[in-house]
Amino acid sequence: MSASEPETLPPGYPREWEADVVLSDGMVAHVRPIRPDDVEAIHGFHAAQSAESIYLRFFAPIKRLSDKDVHRFTHVDYDDRVALVMFVRDDLVGIGRYDRTTSGGPVAEVAFNVSDHHQGRGVGSVLLEHLADIARESGITRFVADVLPQNRRMIGVFRDAGFEVTHEFDDGVIAVSFDIEPTDASRAVRMSREHRSESRSMRAVLHPSTVAVIGVSRRQGTIGRAFFEDIVAGGFTGAAHPVNSRAEPGTLVCGRPTYASVRDIEGGVDLAVVAVPAEDVLGAVQECADAGVKGLVVASEGFAEAGTEGRALQHQLLVTARHLGMRVLGPTSFGLINNDPETRLNASIASAEHLPPFGTLGLFTQSGGLGIAMLASARRRGLGLSTFASAGNRVDISGNDLMQYWMDDDATTAVGLYLESMGNPRKFSRIARKLAMTKPVIVVKSGAGKFAIPQGHRVRDTRERPETFGQMLRQSGVIRVDNARQLFDVALLVTTQPLPRGPRVAVVSNNDALGSLAADAASARGLEVTHGPVTVSAEAQLEEFRSVVEAALADDDVDSLIACFIPPVADIDPQVVEAVGQAVAGHEKPCVATFLGMRGDTEGTGVPTYPMPEEGVRALAAATRYAQWLGRDHGERVRPEGLDRGAATEILQGALARAPRGVDLDADEVTAVLAAYGIAVWPRVPVHSDTEAVEAYKRLGGTVVLKATSPVIQHQPGQGWVRTGLRHPKAVGAAYRDMAGLLGPLGVEGIALQRMAPSGVPVEVNSVEDPLFGPVVGFGVAGLPIDLLGDEAHRFPPLTDVDITEMVGSIKAAPMLDGYRGAMPVDQAALHDLIARVSVLADDHPELAHVRLNPVLAHQDGIEVLGASIRVAPAPTRADAERRSLLSGV
């Protein structure tokens, strides 16, 4: 049996359905469509099943499947008949399939078969997720299945997936049926399973019992040697083994015997550090698989950062490791650290003098060299770490994986991420938002302009502006900072102090200039100075210092304290620092301090200290904004009523059938797609003569508007491309003739008539399908605010009702919607509902390359969509779809 790819694939084979997944025990498996060459694998799978499992699947004791049956199972059309197989290494561990009950129909019969040896690992659940998502893309809305009453496992797979399952008992069989449209419950189940699986996968990497370093040289100063020496010197509580294929038998490194191969180590190995030349890595990976290794730290260089050949080698590393069921940190990784006293693993090239103590900050960095510098900086500042990982080229393990682990790690109370690139912002946003609900997440994103991608990092391109990334972070609730120093400034505060309960601060100092500096910095960053600045004399005694600090903390109008002290003639008296620390310890209010003359190390002081007040204030403001976000209602995921996903899918697929490379929908198609999501577009009648214009006016009735519709000229100022308030046939005819004269040849196809909308605020709602971010929804006041000033807010579906409220209120032109200069406020509820519908439409249909509603008139009694355009294109493979999947190195 083999999961390898044949020389030729069957016609219509959907390669995009292939996926690597993490099972519930943290091991990696591969899901793909079934192929004709799977015949022997199917026979072997069936032969290994128990008589009970065979009976539960086929309702009969079939000892061997007939060749005819296996041919039917392995030859499918990938449309009406679909089957997926799951492999762990070369072992077939599960099969899932569906068959439409009628060709092209919306109902399909689904069935599963999971290996007896792999029950309880979530195989059936993953197969159901993938089959349901594939089926929805093909227009299927409902699954049905016949299950024997004693097959509790299969009934449990359906029920536990979060779908609304109905049962009917008939003639000894339970008929199960359920709609496969995702629900809040099914999404919650999927994300919870993904979280548990990926968290366990990372736990296996970070908590090994046995570690091997492959490539440990007898020479000092080599990478492999440095890794092994640091593991030993760090006091790793498990077993550590050096491996060198060229070492003579009996060679000792750090008093440990060297092995020629990781296979030779008795009892197997949990984690392997690979530090051999790039061309030898794949062989080492195969040996690791034979030794039962669960995780790899690949320190070797010479991969994607080295050019075309290196990129090919890096891809092969990923494919090989995934096929063999292992997770990979790297390549070019500088290692990982777990400071847990029960593990004490320093599998990095950070020597003991650079290693921070055990603490509560989890740290992830993509840059290896910078990561080591950050560790040294954390140590100097007395900031303790729980865990650390350097991703290098990030072929597999990413910050998303570590966040899944930190969510469950009681030793970690705050998280820091130094990102040079991002392969899956959509998943990052989802996970970071969940993690930020319980622990502060501090992010540094390096690079300027569009994502500056380091050599070796494969990511998707993006058409979005750089500020879009910042908007995504704000939506996720993370704390964004500009550099590593600021990351540690914030981390010092949130790991040692309670979060601020509000923005009100007190400022106390023994120097007027220093106090004023701190107060001005606080006000500039949105904090309210409600106490002070209070200044004691430079020669004040210790008790006076203590009393002003106590008074500030006791003030009910104070949420945080900024303390600044400067020695009048010599270094700060340590008793002053101790007094501030003791006062703060008696209150649930955070404090940031500047003790000029005593810089940096906060250990034992009870408060984080900063070289200058501005640095402490910046950290306090960031923590305050985070606390405010944490305390807000985050709303419910929007899913408006009256949606018909199937109707929209049919239109979009029809458009792509006639134009496979993409096409702009015509007016009728645009109207129909939007109507399927409850969005009504005002009719617009194209006219080609003054006579047609008058006839259209009579049909529409009331007051009308004449518009130039050509995109070439409709945004050109000063030409009168819109004529409003036309109430008489003669006025309509005259307006047409005048505009046609201005348009010249464009006038034949470029004029339309429409009923005149009530007065209001013209806004635009749009969405684009970005290769990196997925669907991005935009909103702003139409015209100059967007076109000239870039005053547009972006959010990333799925949205909550609070996301939409904040989106509308975040633009600079928002006062225009609230009754600016005596105008009537617009109907915010109707506007929010429109944005919600566009967001769900974009989320449901990745083939929607661009949706633009403009103009939309928002007024006191509702909203009117006066214009709309839609462009469809082949749907990209989203990085975070409705089925679990590990990214392929991006």
# chains A, B, ... in the order shown; residues from 1 in each chain; ligands from 1
$ select_by_dssp --residues "stretch 126-340 of chain A" --states "alpha helix (DSSP H)" --output "ChimeraX atom specification"
/A:126-137,152-160,184-206,223-233,281-290,308-323
$ residues_around --residues "stretch 193-208 of chain A" --least-positions-apart "5" --cutoff "7 Å" --atoms "only C-alpha atoms" --output "ChimeraX atom specification"
/A:22-27,270-271,294-295,338,343,401-402,404-405,884
$ atom_distance --atom1 "atom CA of A:Val705" --atom2 "atom CA of A:His850"
26.3 Å
$ atom_distance --atom1 "atom CA of A:Asp116" --atom2 "atom CA of A:Arg327"
24.8 Å
$ residues_around --residues "A:Ala623" --least-positions-apart "4" --cutoff "9 Å" --atoms "only C-alpha atoms" --output "list in words"
Pro440, Ile479, Val490, Leu493, Val494, Leu499, Pro500, Arg618, Ala619, Ala627 and Gln628 of chain A
$ residues_around --residues "stretch 225-242 of chain A" --least-positions-apart "5" --cutoff "9 Å" --atoms "only C-alpha atoms" --output "PyMOL selection string"
chain A and resi 208-220+252-254+256-260+262+265+273+275+335+341-352
$ select_by_dssp --residues "stretch 736-793 of chain A" --states "strand (DSSP E)" --output "PyMOL selection string"
chain A and resi 751-755+761-770+774-781+793
$ closest_residue --among "A:Arg504, A:Arg433, A:His728, A:Arg322" --to "A:Leu630" --atoms "only C-alpha atoms"
A:Arg433
$ residues_around --residues "stretch 157-171 of chain A" --least-positions-apart "2" --cutoff "7 Å" --atoms "only C-alpha atoms" --output "list in words"
Gly124, Ser125, Arg153, Met154, Ile155, Val173, Ile174, Ala175, Val176, Ser177, Phe178, Asp179, Ile180, Ala185, Ser186 and Val189 of chain A
$ write_last_selection --atoms "N, CA, C and O atoms" --output "PDB file, in the first residue's frame"
ATOM      1  N   GLY A 124     -12.925   9.823  11.263  1.00  0.00           N
ATOM      2  CA  GLY A 124     -14.252  10.002  10.680  1.00  0.00           C
ATOM      3  C   GLY A 124     -14.696  11.454  10.702  1.00  0.00           C
ATOM      4  O   GLY A 124     -15.319  11.940   9.747  1.00  0.00           O
ATOM      5  N   SER A 125     -14.372  12.167  11.766  1.00  0.00           N
ATOM      6  CA  SER A 125     -14.774  13.575  11.879  1.00  0.00           C
ATOM      7  C   SER A 125     -14.110  14.426  10.800  1.00  0.00           C
ATOM      8  O   SER A 125     -14.743  15.293  10.188  1.00  0.00           O
ATOM      9  N   ARG A 153     -20.743   4.557  16.911  1.00  0.00           N
ATOM     10  CA  ARG A 153     -19.652   5.441  16.516  1.00  0.00           C
ATOM     11  C   ARG A 153     -20.049   6.317  15.327  1.00  0.00           C
ATOM     12  O   ARG A 153     -19.787   7.523  15.306  1.00  0.00           O
ATOM     13  N   MET A 154     -20.681   5.702  14.335  1.00  0.00           N
ATOM     14  CA  MET A 154     -21.031   6.471  13.146  1.00  0.00           C
ATOM     15  C   MET A 154     -22.125   7.488  13.458  1.00  0.00           C
ATOM     16  O   MET A 154     -22.066   8.629  13.003  1.00  0.00           O
ATOM     17  N   ILE A 155     -23.095   7.104  14.238  1.00  0.00           N
ATOM     18  CA  ILE A 155     -24.126   8.061  14.635  1.00  0.00           C
ATOM     19  C   ILE A 155     -23.502   9.208  15.416  1.00  0.00           C
ATOM     20  O   ILE A 155     -23.861  10.372  15.257  1.00  0.00           O
ATOM     21  N   VAL A 173     -33.196  -0.349  10.496  1.00  0.00           N
ATOM     22  CA  VAL A 173     -32.123   0.576  10.120  1.00  0.00           C
ATOM     23  C   VAL A 173     -32.510   1.986  10.542  1.00  0.00           C
ATOM     24  O   VAL A 173     -33.681   2.369  10.438  1.00  0.00           O
ATOM     25  N   ILE A 174     -31.535   2.757  11.021  1.00  0.00           N
ATOM     26  CA  ILE A 174     -31.770   4.158  11.347  1.00  0.00           C
ATOM     27  C   ILE A 174     -31.420   5.010  10.125  1.00  0.00           C
ATOM     28  O   ILE A 174     -30.285   4.984   9.648  1.00  0.00           O
ATOM     29  N   ALA A 175     -32.403   5.738   9.613  1.00  0.00           N
ATOM     30  CA  ALA A 175     -32.175   6.668   8.507  1.00  0.00           C
ATOM     31  C   ALA A 175     -31.815   8.020   9.096  1.00  0.00           C
ATOM     32  O   ALA A 175     -32.621   8.653   9.778  1.00  0.00           O
ATOM     33  N   VAL A 176     -30.606   8.440   8.834  1.00  0.00           N
ATOM     34  CA  VAL A 176     -30.077   9.693   9.366  1.00  0.00           C
ATOM     35  C   VAL A 176     -30.046  10.727   8.243  1.00  0.00           C
ATOM     36  O   VAL A 176     -29.693  10.407   7.101  1.00  0.00           O
ATOM     37  N   SER A 177     -30.418  11.972   8.555  1.00  0.00           N
ATOM     38  CA  SER A 177     -30.318  13.039   7.558  1.00  0.00           C
ATOM     39  C   SER A 177     -29.999  14.357   8.254  1.00  0.00           C
ATOM     40  O   SER A 177     -30.394  14.571   9.403  1.00  0.00           O
ATOM     41  N   PHE A 178     -29.267  15.227   7.561  1.00  0.00           N
ATOM     42  CA  PHE A 178     -28.938  16.531   8.135  1.00  0.00           C
ATOM     43  C   PHE A 178     -28.488  17.471   7.026  1.00  0.00           C
ATOM     44  O   PHE A 178     -27.874  17.060   6.030  1.00  0.00           O
ATOM     45  N   ASP A 179     -28.836  18.750   7.201  1.00  0.00           N
ATOM     46  CA  ASP A 179     -28.347  19.791   6.309  1.00  0.00           C
ATOM     47  C   ASP A 179     -26.870  20.026   6.598  1.00  0.00           C
ATOM     48  O   ASP A 179     -26.434  20.021   7.754  1.00  0.00           O
ATOM     49  N   ILE A 180     -26.085  20.265   5.543  1.00  0.00           N
ATOM     50  CA  ILE A 180     -24.633  20.424   5.719  1.00  0.00           C
ATOM     51  C   ILE A 180     -24.191  21.877   5.661  1.00  0.00           C
ATOM     52  O   ILE A 180     -22.991  22.160   5.674  1.00  0.00           O
ATOM     53  N   ALA A 185     -22.876  26.064  15.616  1.00  0.00           N
ATOM     54  CA  ALA A 185     -22.486  24.879  16.381  1.00  0.00           C
ATOM     55  C   ALA A 185     -21.448  24.055  15.630  1.00  0.00           C
ATOM     56  O   ALA A 185     -20.449  23.609  16.210  1.00  0.00           O
ATOM     57  N   SER A 186     -21.652  23.841  14.321  1.00  0.00           N
ATOM     58  CA  SER A 186     -20.703  23.015  13.565  1.00  0.00           C
ATOM     59  C   SER A 186     -19.353  23.708  13.449  1.00  0.00           C
ATOM     60  O   SER A 186     -18.301  23.064  13.487  1.00  0.00           O
ATOM     61  N   VAL A 189     -17.553  23.325  16.740  1.00  0.00           N
ATOM     62  CA  VAL A 189     -17.004  21.968  16.874  1.00  0.00           C
ATOM     63  C   VAL A 189     -15.718  21.831  16.063  1.00  0.00           C
ATOM     64  O   VAL A 189     -14.704  21.315  16.540  1.00  0.00           O
TER      65      VAL A 189
END
$ atom_distance --atom1 "atom CA of A:Ser367" --atom2 "atom CA of A:Lys434"
25.3 Å
$ decode --residues "stretch 15-28 of chain A" --atoms "all heavy atoms" --output "PDB file, in the first residue's frame"
ATOM      1  N   ARG A  15      -7.052  17.991  -7.456  1.00  0.00           N
ATOM      2  CA  ARG A  15      -5.883  18.053  -6.578  1.00  0.00           C
ATOM      3  C   ARG A  15      -6.096  19.014  -5.407  1.00  0.00           C
ATOM      4  O   ARG A  15      -5.519  18.842  -4.331  1.00  0.00           O
ATOM      5  CB  ARG A  15      -4.657  18.476  -7.386  1.00  0.00           C
ATOM      6  CG  ARG A  15      -3.360  18.387  -6.603  1.00  0.00           C
ATOM      7  CD  ARG A  15      -2.199  18.916  -7.423  1.00  0.00           C
ATOM      8  NE  ARG A  15      -1.906  18.060  -8.554  1.00  0.00           N
ATOM      9  CZ  ARG A  15      -1.107  16.995  -8.491  1.00  0.00           C
ATOM     10  NH1 ARG A  15      -0.551  16.657  -7.348  1.00  0.00           N
ATOM     11  NH2 ARG A  15      -0.871  16.282  -9.563  1.00  0.00           N
ATOM     12  N   GLU A  16      -6.968  20.032  -5.615  1.00  0.00           N
ATOM     13  CA  GLU A  16      -7.192  21.006  -4.548  1.00  0.00           C
ATOM     14  C   GLU A  16      -7.886  20.397  -3.339  1.00  0.00           C
ATOM     15  O   GLU A  16      -7.949  21.016  -2.278  1.00  0.00           O
ATOM     16  CB  GLU A  16      -8.000  22.191  -5.077  1.00  0.00           C
ATOM     17  CG  GLU A  16      -9.420  21.858  -5.497  1.00  0.00           C
ATOM     18  CD  GLU A  16      -9.537  21.405  -6.945  1.00  0.00           C
ATOM     19  OE1 GLU A  16      -8.484  21.060  -7.560  1.00  0.00           O
ATOM     20  OE2 GLU A  16     -10.661  21.379  -7.470  1.00  0.00           O
ATOM     21  N   TRP A  17      -8.413  19.173  -3.469  1.00  0.00           N
ATOM     22  CA  TRP A  17      -9.029  18.516  -2.321  1.00  0.00           C
ATOM     23  C   TRP A  17      -7.992  17.837  -1.427  1.00  0.00           C
ATOM     24  O   TRP A  17      -8.326  17.361  -0.345  1.00  0.00           O
ATOM     25  CB  TRP A  17     -10.036  17.465  -2.786  1.00  0.00           C
ATOM     26  CG  TRP A  17     -11.239  18.036  -3.486  1.00  0.00           C
ATOM     27  CD1 TRP A  17     -11.566  19.351  -3.638  1.00  0.00           C
ATOM     28  CD2 TRP A  17     -12.272  17.290  -4.144  1.00  0.00           C
ATOM     29  NE1 TRP A  17     -12.734  19.479  -4.360  1.00  0.00           N
ATOM     30  CE2 TRP A  17     -13.199  18.235  -4.677  1.00  0.00           C
ATOM     31  CE3 TRP A  17     -12.521  15.939  -4.341  1.00  0.00           C
ATOM     32  CZ2 TRP A  17     -14.335  17.850  -5.382  1.00  0.00           C
ATOM     33  CZ3 TRP A  17     -13.644  15.544  -5.039  1.00  0.00           C
ATOM     34  CH2 TRP A  17     -14.552  16.497  -5.556  1.00  0.00           C
ATOM     35  N   GLU A  18      -6.766  17.732  -1.884  1.00  0.00           N
ATOM     36  CA  GLU A  18      -5.737  17.103  -1.071  1.00  0.00           C
ATOM     37  C   GLU A  18      -5.403  17.997   0.128  1.00  0.00           C
ATOM     38  O   GLU A  18      -5.379  19.227   0.007  1.00  0.00           O
ATOM     39  CB  GLU A  18      -4.479  16.849  -1.893  1.00  0.00           C
ATOM     40  CG  GLU A  18      -4.682  15.846  -3.023  1.00  0.00           C
ATOM     41  CD  GLU A  18      -3.388  15.536  -3.753  1.00  0.00           C
ATOM     42  OE1 GLU A  18      -2.349  16.130  -3.384  1.00  0.00           O
ATOM     43  OE2 GLU A  18      -3.413  14.704  -4.670  1.00  0.00           O
ATOM     44  N   ALA A  19      -5.137  17.391   1.259  1.00  0.00           N
ATOM     45  CA  ALA A  19      -4.839  18.183   2.458  1.00  0.00           C
ATOM     46  C   ALA A  19      -4.093  17.334   3.475  1.00  0.00           C
ATOM     47  O   ALA A  19      -4.358  16.131   3.613  1.00  0.00           O
ATOM     48  CB  ALA A  19      -6.122  18.713   3.083  1.00  0.00           C
ATOM     49  N   ASP A  20      -3.156  17.967   4.159  1.00  0.00           N
ATOM     50  CA  ASP A  20      -2.550  17.372   5.351  1.00  0.00           C
ATOM     51  C   ASP A  20      -3.340  17.857   6.559  1.00  0.00           C
ATOM     52  O   ASP A  20      -3.686  19.050   6.647  1.00  0.00           O
ATOM     53  CB  ASP A  20      -1.088  17.787   5.484  1.00  0.00           C
ATOM     54  CG  ASP A  20      -0.231  17.254   4.352  1.00  0.00           C
ATOM     55  OD1 ASP A  20      -0.355  16.058   4.049  1.00  0.00           O
ATOM     56  OD2 ASP A  20       0.549  18.034   3.780  1.00  0.00           O
ATOM     57  N   VAL A  21      -3.634  16.966   7.468  1.00  0.00           N
ATOM     58  CA  VAL A  21      -4.447  17.304   8.635  1.00  0.00           C
ATOM     59  C   VAL A  21      -3.773  16.772   9.892  1.00  0.00           C
ATOM     60  O   VAL A  21      -2.965  15.844   9.837  1.00  0.00           O
ATOM     61  CB  VAL A  21      -5.876  16.719   8.524  1.00  0.00           C
ATOM     62  CG1 VAL A  21      -6.593  17.290   7.311  1.00  0.00           C
ATOM     63  CG2 VAL A  21      -5.847  15.200   8.439  1.00  0.00           C
ATOM     64  N   VAL A  22      -4.102  17.385  11.024  1.00  0.00           N
ATOM     65  CA  VAL A  22      -3.627  16.898  12.318  1.00  0.00           C
ATOM     66  C   VAL A  22      -4.771  16.169  12.996  1.00  0.00           C
ATOM     67  O   VAL A  22      -5.867  16.726  13.168  1.00  0.00           O
ATOM     68  CB  VAL A  22      -3.143  18.066  13.199  1.00  0.00           C
ATOM     69  CG1 VAL A  22      -2.590  17.533  14.514  1.00  0.00           C
ATOM     70  CG2 VAL A  22      -2.072  18.870  12.481  1.00  0.00           C
ATOM     71  N   LEU A  23      -4.528  14.926  13.367  1.00  0.00           N
ATOM     72  CA  LEU A  23      -5.546  14.131  14.035  1.00  0.00           C
ATOM     73  C   LEU A  23      -5.624  14.512  15.518  1.00  0.00           C
ATOM     74  O   LEU A  23      -4.820  15.285  16.025  1.00  0.00           O
ATOM     75  CB  LEU A  23      -5.237  12.647  13.861  1.00  0.00           C
ATOM     76  CG  LEU A  23      -5.216  12.147  12.405  1.00  0.00           C
ATOM     77  CD1 LEU A  23      -4.841  10.669  12.351  1.00  0.00           C
ATOM     78  CD2 LEU A  23      -6.561  12.392  11.725  1.00  0.00           C
ATOM     79  N   SER A  24      -6.586  13.927  16.202  1.00  0.00           N
ATOM     80  CA  SER A  24      -6.853  14.353  17.577  1.00  0.00           C
ATOM     81  C   SER A  24      -5.708  14.046  18.529  1.00  0.00           C
ATOM     82  O   SER A  24      -5.604  14.659  19.596  1.00  0.00           O
ATOM     83  CB  SER A  24      -8.141  13.684  18.087  1.00  0.00           C
ATOM     84  OG  SER A  24      -8.014  12.271  18.071  1.00  0.00           O
ATOM     85  N   ASP A  25      -4.824  13.109  18.156  1.00  0.00           N
ATOM     86  CA  ASP A  25      -3.676  12.805  19.012  1.00  0.00           C
ATOM     87  C   ASP A  25      -2.442  13.603  18.632  1.00  0.00           C
ATOM     88  O   ASP A  25      -1.358  13.378  19.177  1.00  0.00           O
ATOM     89  CB  ASP A  25      -3.365  11.302  18.967  1.00  0.00           C
ATOM     90  CG  ASP A  25      -3.053  10.813  17.559  1.00  0.00           C
ATOM     91  OD1 ASP A  25      -3.110  11.620  16.612  1.00  0.00           O
ATOM     92  OD2 ASP A  25      -2.768   9.603  17.407  1.00  0.00           O
ATOM     93  N   GLY A  26      -2.586  14.542  17.681  1.00  0.00           N
ATOM     94  CA  GLY A  26      -1.473  15.395  17.283  1.00  0.00           C
ATOM     95  C   GLY A  26      -0.652  14.871  16.130  1.00  0.00           C
ATOM     96  O   GLY A  26       0.256  15.566  15.660  1.00  0.00           O
ATOM     97  N   MET A  27      -0.937  13.676  15.626  1.00  0.00           N
ATOM     98  CA  MET A  27      -0.196  13.125  14.499  1.00  0.00           C
ATOM     99  C   MET A  27      -0.743  13.660  13.181  1.00  0.00           C
ATOM    100  O   MET A  27      -1.905  14.050  13.084  1.00  0.00           O
ATOM    101  CB  MET A  27      -0.270  11.603  14.514  1.00  0.00           C
ATOM    102  CG  MET A  27       0.463  10.973  15.691  1.00  0.00           C
ATOM    103  SD  MET A  27       2.234  11.342  15.689  1.00  0.00           S
ATOM    104  CE  MET A  27       2.763  10.378  14.265  1.00  0.00           C
ATOM    105  N   VAL A  28       0.114  13.669  12.150  1.00  0.00           N
ATOM    106  CA  VAL A  28      -0.257  14.218  10.841  1.00  0.00           C
ATOM    107  C   VAL A  28      -0.724  13.105   9.929  1.00  0.00           C
ATOM    108  O   VAL A  28      -0.128  12.016   9.873  1.00  0.00           O
ATOM    109  CB  VAL A  28       0.945  14.949  10.205  1.00  0.00           C
ATOM    110  CG1 VAL A  28       0.583  15.497   8.829  1.00  0.00           C
ATOM    111  CG2 VAL A  28       1.420  16.080  11.109  1.00  0.00           C
TER     112      VAL A  28
END
